[in-house]
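Notes follow once the structure below has been shown.
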Amino acid sequence: MGRITLDKVTKSFGDVNVIPPLDLTINDGEFVVFVGPSGCGKSTLLRLIAGLEDVTSGQIRIDGEDATNLPPAKRKLAMVFQSYALYPHMSVRKNIAFPMKMAGVDEAEQKKRIEAAAKALNLTDYLDRRPGQLSGGQRQRVAIGRAIVREPSAFLFDEPLSNLDAALRVNMRLEISELHNQLETTMIYVTHDQVEAMTMADKIVVLRAGHIEQVGSPLELYRAPRNKFVAGFIGSPKMNFIEGAVAQQHGAETIGIRPEHITASETDGMWSGKVGVAEHLGSDTFLHVHDSGLAETITVRVNGEFSLRHGDTVYLTPEMDKVHKFDAQGLRFE
Amino acid sequence: MATQHSRSAARLMMAPAVILLLGWMLVPLTMTLYFSFKKYLPMRGGDLGWVGFENYIRFVTSSSFWPSVVTTLTIVGGVLLITVVLGIFLAILLNQPMWGQGIVRILVIAPFFVMPTVSALVWKNMFMDPNYGLLSYLWEFFGAQPVEWLSKASMTSIITIVSWQWLPFATLILLTAIQSLDSEQLEAAEMDGASAPKRFAYITLPHLGRAITVVILIQTIFLLSIFAEIFVTTGGAFGTKTLSYLIFQRVLESQNVGLGSAGGVYAIILANIVAIFLMRIVGKNLDA
């Protein structure tokens, strides 16, 4: 079981209020991602759940029981840290055994669980090495192994992939998702990378300055962002925001249109502009269009074969049913 | 340092320092060896010719030799134990966030800046004097008989004085080591269910291993040759005669340079034996 409920939780460091009253329910078996720009309080929130920070007020319940003042070890949660926090002087085997040793699990059971974890994480050949002799991805897996053997009711991940290179990050992302499917345990994952959030989450919690901006599945957030912040944060490249006369035609203060919902043409279209930088990814090309009179830059996703060059004139047509409308407060409306 | 030219230029420029250091080491060593095979009594006839190993035999068969070795090792061991244990304790305390941290840290380092002679005199006269020392007032305050520290508890006194001098060094090295401990490791251990004493035993102490090794090795080098503290306080009496003090007595008090030189060679051998044992015990901590 791993149902975690936050009830009006707040956190202040001195006079600085990092988390204003916040309510959130995380259901058993869910993969929840906390995402937001740096300094939005997402790591603090995770540490509050872990028990590494004391809440200033409010209540944290784990499986219905009040855990607000429980020490971290008693909460049955396992955490994977950004730096992995492996014990450098212990072998991989001892690192993984450490939580079981602390809990007084008997030797035979320890051995069984270590071997199972090592097998699941491809660490069998490395059990007698020290963390210093492993690569980044292997260290990451040891940290996950150390978390698994405790058989926790929920896993907490604090930006676990940010120290890995891009290719490995994609791999580990898949492995963690795979692990979640196998274990069906609640996982809470903190990241600033919206791609990780979109690809892994059952439920995304978008945070800004301690506030929850929106909670929902990846596609809900993509299709129906509650406000301009979420709209700009979710999706890559970023949504284009257009203000002024064009927006007013739609009866809105600002309209937003994603780069993938604009069609570009060399001959005709609704708007025109000049091609600035074109980023070729092979399958797609991102055009940065200037001088359209709409916004400083409009980003457009076009087919990889699209052949306009720097300085050429391009015509743009938005898909009208994919245009998001925002009012003066930045809230989206239909 | 890539080209032939720059390499030879570098050698040329390093040469004076290397030659000077080498001379600094070789000349006294050669002279010690030279005198150790001679009967050389400066005030009683000067150089009286070669005597073979007579000085070595006389030095080692003297009734003062083995007690002096034991005293030396006791002082080194005692001071190491006290400075390392208290040093770890102080380092952990000083690492806690507190008001006036900077000033407290400077105060802790202060004893290291006091010259050995001065600190020994201060301890002898201000603290350990049986008539007007602070410790005797303390003992009298509780109705006890003041202790004659330097004569009745001479070894304890000297170990205390020397530990007081070296504790700042140990604390400083260990403090910097503790500061480099990744706080996420401690948090991970906390999540893993380790209590505070277990976190100390399994995480902090192994992390300090290398720093403790450095403290032990460096302190041993200096402690094997402590002299001023003994000279100023007990003058080698009451069982506080170390090997280096014995050599001093042979050379300057008995005016027997040959015998003292032979003792010097024994001191080198003792230092090497201690070094080998230390490297066996703690040296593996230095491997990365």
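Residue numbering restarts at 1 in every chain; chains get A, B, ... in the order shown in the structure tokens, and ligands count up from 1 in that same order.
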
Give me, as a PDB file with N, CA and C atoms, in the first residue's frame, the contact residues of chain B against chain A at a cut-off of 12 Å, counting only C-alpha atoms.
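For reference, selection.pdb as written:
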ATOM      1  N   LEU B 181      31.872  15.888   3.966  1.00  0.00           N
ATOM      2  CA  LEU B 181      30.949  14.745   3.916  1.00  0.00           C
ATOM      3  C   LEU B 181      29.639  15.186   3.263  1.00  0.00           C
ATOM      4  N   ASP B 182      29.222  14.439   2.268  1.00  0.00           N
ATOM      5  CA  ASP B 182      28.001  14.751   1.536  1.00  0.00           C
ATOM      6  C   ASP B 182      26.789  14.551   2.459  1.00  0.00           C
ATOM      7  N   SER B 183      26.029  15.626   2.667  1.00  0.00           N
ATOM      8  CA  SER B 183      24.920  15.518   3.623  1.00  0.00           C
ATOM      9  C   SER B 183      23.851  14.554   3.111  1.00  0.00           C
ATOM     10  N   GLU B 184      23.796  14.346   1.786  1.00  0.00           N
ATOM     11  CA  GLU B 184      22.809  13.398   1.264  1.00  0.00           C
ATOM     12  C   GLU B 184      23.106  11.980   1.733  1.00  0.00           C
ATOM     13  N   GLN B 185      24.397  11.660   1.959  1.00  0.00           N
ATOM     14  CA  GLN B 185      24.733  10.329   2.474  1.00  0.00           C
ATOM     15  C   GLN B 185      24.137  10.105   3.851  1.00  0.00           C
ATOM     16  N   LEU B 186      24.232  11.149   4.685  1.00  0.00           N
ATOM     17  CA  LEU B 186      23.671  11.028   6.035  1.00  0.00           C
ATOM     18  C   LEU B 186      22.151  10.923   5.962  1.00  0.00           C
ATOM     19  N   GLU B 187      21.562  11.695   5.047  1.00  0.00           N
ATOM     20  CA  GLU B 187      20.105  11.634   4.912  1.00  0.00           C
ATOM     21  C   GLU B 187      19.668  10.271   4.390  1.00  0.00           C
ATOM     22  N   ALA B 188      20.447   9.742   3.439  1.00  0.00           N
ATOM     23  CA  ALA B 188      20.117   8.411   2.916  1.00  0.00           C
ATOM     24  C   ALA B 188      20.175   7.384   4.035  1.00  0.00           C
ATOM     25  N   ALA B 189      21.215   7.487   4.881  1.00  0.00           N
ATOM     26  CA  ALA B 189      21.346   6.546   5.994  1.00  0.00           C
ATOM     27  C   ALA B 189      20.184   6.716   6.968  1.00  0.00           C
ATOM     28  N   GLU B 190      19.753   7.973   7.134  1.00  0.00           N
ATOM     29  CA  GLU B 190      18.624   8.226   8.031  1.00  0.00           C
ATOM     30  C   GLU B 190      17.363   7.566   7.475  1.00  0.00           C
ATOM     31  N   MET B 191      17.160   7.711   6.162  1.00  0.00           N
ATOM     32  CA  MET B 191      16.009   7.074   5.528  1.00  0.00           C
ATOM     33  C   MET B 191      16.117   5.548   5.637  1.00  0.00           C
ATOM     34  N   ASP B 192      17.363   5.050   5.582  1.00  0.00           N
ATOM     35  CA  ASP B 192      17.580   3.610   5.648  1.00  0.00           C
ATOM     36  C   ASP B 192      17.398   3.064   7.056  1.00  0.00           C
ATOM     37  N   GLY B 193      17.115   3.944   7.994  1.00  0.00           N
ATOM     38  CA  GLY B 193      16.790   3.474   9.341  1.00  0.00           C
ATOM     39  C   GLY B 193      17.959   3.447  10.295  1.00  0.00           C
ATOM     40  N   ALA B 194      19.068   4.154   9.965  1.00  0.00           N
ATOM     41  CA  ALA B 194      20.211   4.163  10.873  1.00  0.00           C
ATOM     42  C   ALA B 194      20.026   5.262  11.916  1.00  0.00           C
ATOM     43  N   SER B 195      20.205   4.890  13.194  1.00  0.00           N
ATOM     44  CA  SER B 195      20.112   5.876  14.271  1.00  0.00           C
ATOM     45  C   SER B 195      21.363   6.759  14.249  1.00  0.00           C
ATOM     46  N   ALA B 196      21.342   7.839  15.035  1.00  0.00           N
ATOM     47  CA  ALA B 196      22.478   8.765  15.019  1.00  0.00           C
ATOM     48  C   ALA B 196      23.805   8.070  15.347  1.00  0.00           C
ATOM     49  N   PRO B 197      23.895   7.224  16.388  1.00  0.00           N
ATOM     50  CA  PRO B 197      25.176   6.544  16.635  1.00  0.00           C
ATOM     51  C   PRO B 197      25.589   5.633  15.480  1.00  0.00           C
ATOM     52  N   LYS B 198      24.605   4.982  14.843  1.00  0.00           N
ATOM     53  CA  LYS B 198      24.941   4.105  13.713  1.00  0.00           C
ATOM     54  C   LYS B 198      25.382   4.922  12.510  1.00  0.00           C
ATOM     55  N   ARG B 199      24.743   6.090  12.296  1.00  0.00           N
ATOM     56  CA  ARG B 199      25.187   6.948  11.193  1.00  0.00           C
ATOM     57  C   ARG B 199      26.620   7.371  11.413  1.00  0.00           C
ATOM     58  N   TYR B 202      28.839   4.087  10.791  1.00  0.00           N
ATOM     59  CA  TYR B 202      28.870   3.535   9.433  1.00  0.00           C
ATOM     60  C   TYR B 202      29.178   4.555   8.348  1.00  0.00           C
ATOM     61  N   ILE B 203      28.877   5.820   8.601  1.00  0.00           N
ATOM     62  CA  ILE B 203      29.070   6.819   7.548  1.00  0.00           C
ATOM     63  C   ILE B 203      30.176   7.814   7.906  1.00  0.00           C
ATOM     64  N   THR B 204      30.021   8.508   9.045  1.00  0.00           N
ATOM     65  CA  THR B 204      30.962   9.576   9.373  1.00  0.00           C
ATOM     66  C   THR B 204      32.365   9.030   9.631  1.00  0.00           C
ATOM     67  N   LEU B 205      32.460   7.993  10.483  1.00  0.00           N
ATOM     68  CA  LEU B 205      33.782   7.494  10.854  1.00  0.00           C
ATOM     69  C   LEU B 205      34.573   6.951   9.650  1.00  0.00           C
ATOM     70  N   PRO B 206      33.962   6.114   8.787  1.00  0.00           N
ATOM     71  CA  PRO B 206      34.712   5.678   7.601  1.00  0.00           C
ATOM     72  C   PRO B 206      35.118   6.851   6.706  1.00  0.00           C
ATOM     73  N   HIS B 207      34.246   7.854   6.637  1.00  0.00           N
ATOM     74  CA  HIS B 207      34.584   9.031   5.826  1.00  0.00           C
ATOM     75  C   HIS B 207      35.818   9.733   6.390  1.00  0.00           C
ATOM     76  N   LEU B 208      35.959   9.702   7.729  1.00  0.00           N
ATOM     77  CA  LEU B 208      37.085  10.380   8.363  1.00  0.00           C
ATOM     78  C   LEU B 208      38.369   9.559   8.310  1.00  0.00           C
ATOM     79  N   GLY B 209      38.279   8.298   7.853  1.00  0.00           N
ATOM     80  CA  GLY B 209      39.432   7.400   7.883  1.00  0.00           C
ATOM     81  C   GLY B 209      40.710   8.025   7.368  1.00  0.00           C
ATOM     82  N   ARG B 210      40.630   8.636   6.221  1.00  0.00           N
ATOM     83  CA  ARG B 210      41.828   9.178   5.605  1.00  0.00           C
ATOM     84  C   ARG B 210      42.389  10.337   6.424  1.00  0.00           C
ATOM     85  N   ASN B 285      44.289   3.256   4.349  1.00  0.00           N
ATOM     86  CA  ASN B 285      43.294   4.334   4.220  1.00  0.00           C
ATOM     87  C   ASN B 285      43.713   5.393   3.213  1.00  0.00           C
ATOM     88  N   ASP B 287      45.029   4.872   0.309  1.00  0.00           N
ATOM     89  CA  ASP B 287      44.733   4.502  -1.084  1.00  0.00           C
ATOM     90  C   ASP B 287      43.370   5.050  -1.465  1.00  0.00           C
ATOM     91  N   ALA B 288      43.292   5.583  -2.664  1.00  0.00           N
ATOM     92  CA  ALA B 288      42.030   6.192  -3.072  1.00  0.00           C
ATOM     93  C   ALA B 288      40.969   5.126  -3.303  1.00  0.00           C
TER      94      ALA B 288
END

Non-local contacts of stretch 6-17 of chain A (7 Å; only C-alpha atoms; under 5 positions in same chain excluded) as a PyMOL selection string: chain A and resi 22-25+55-61

Might you pull out every residue within 9 Å of B:Leu223, with only C-alpha atoms counted and same-chain residues fewer than 5 positions away left off, and present them as a ChimeraX atom specification? /B:72,75-76,79-80,162,218
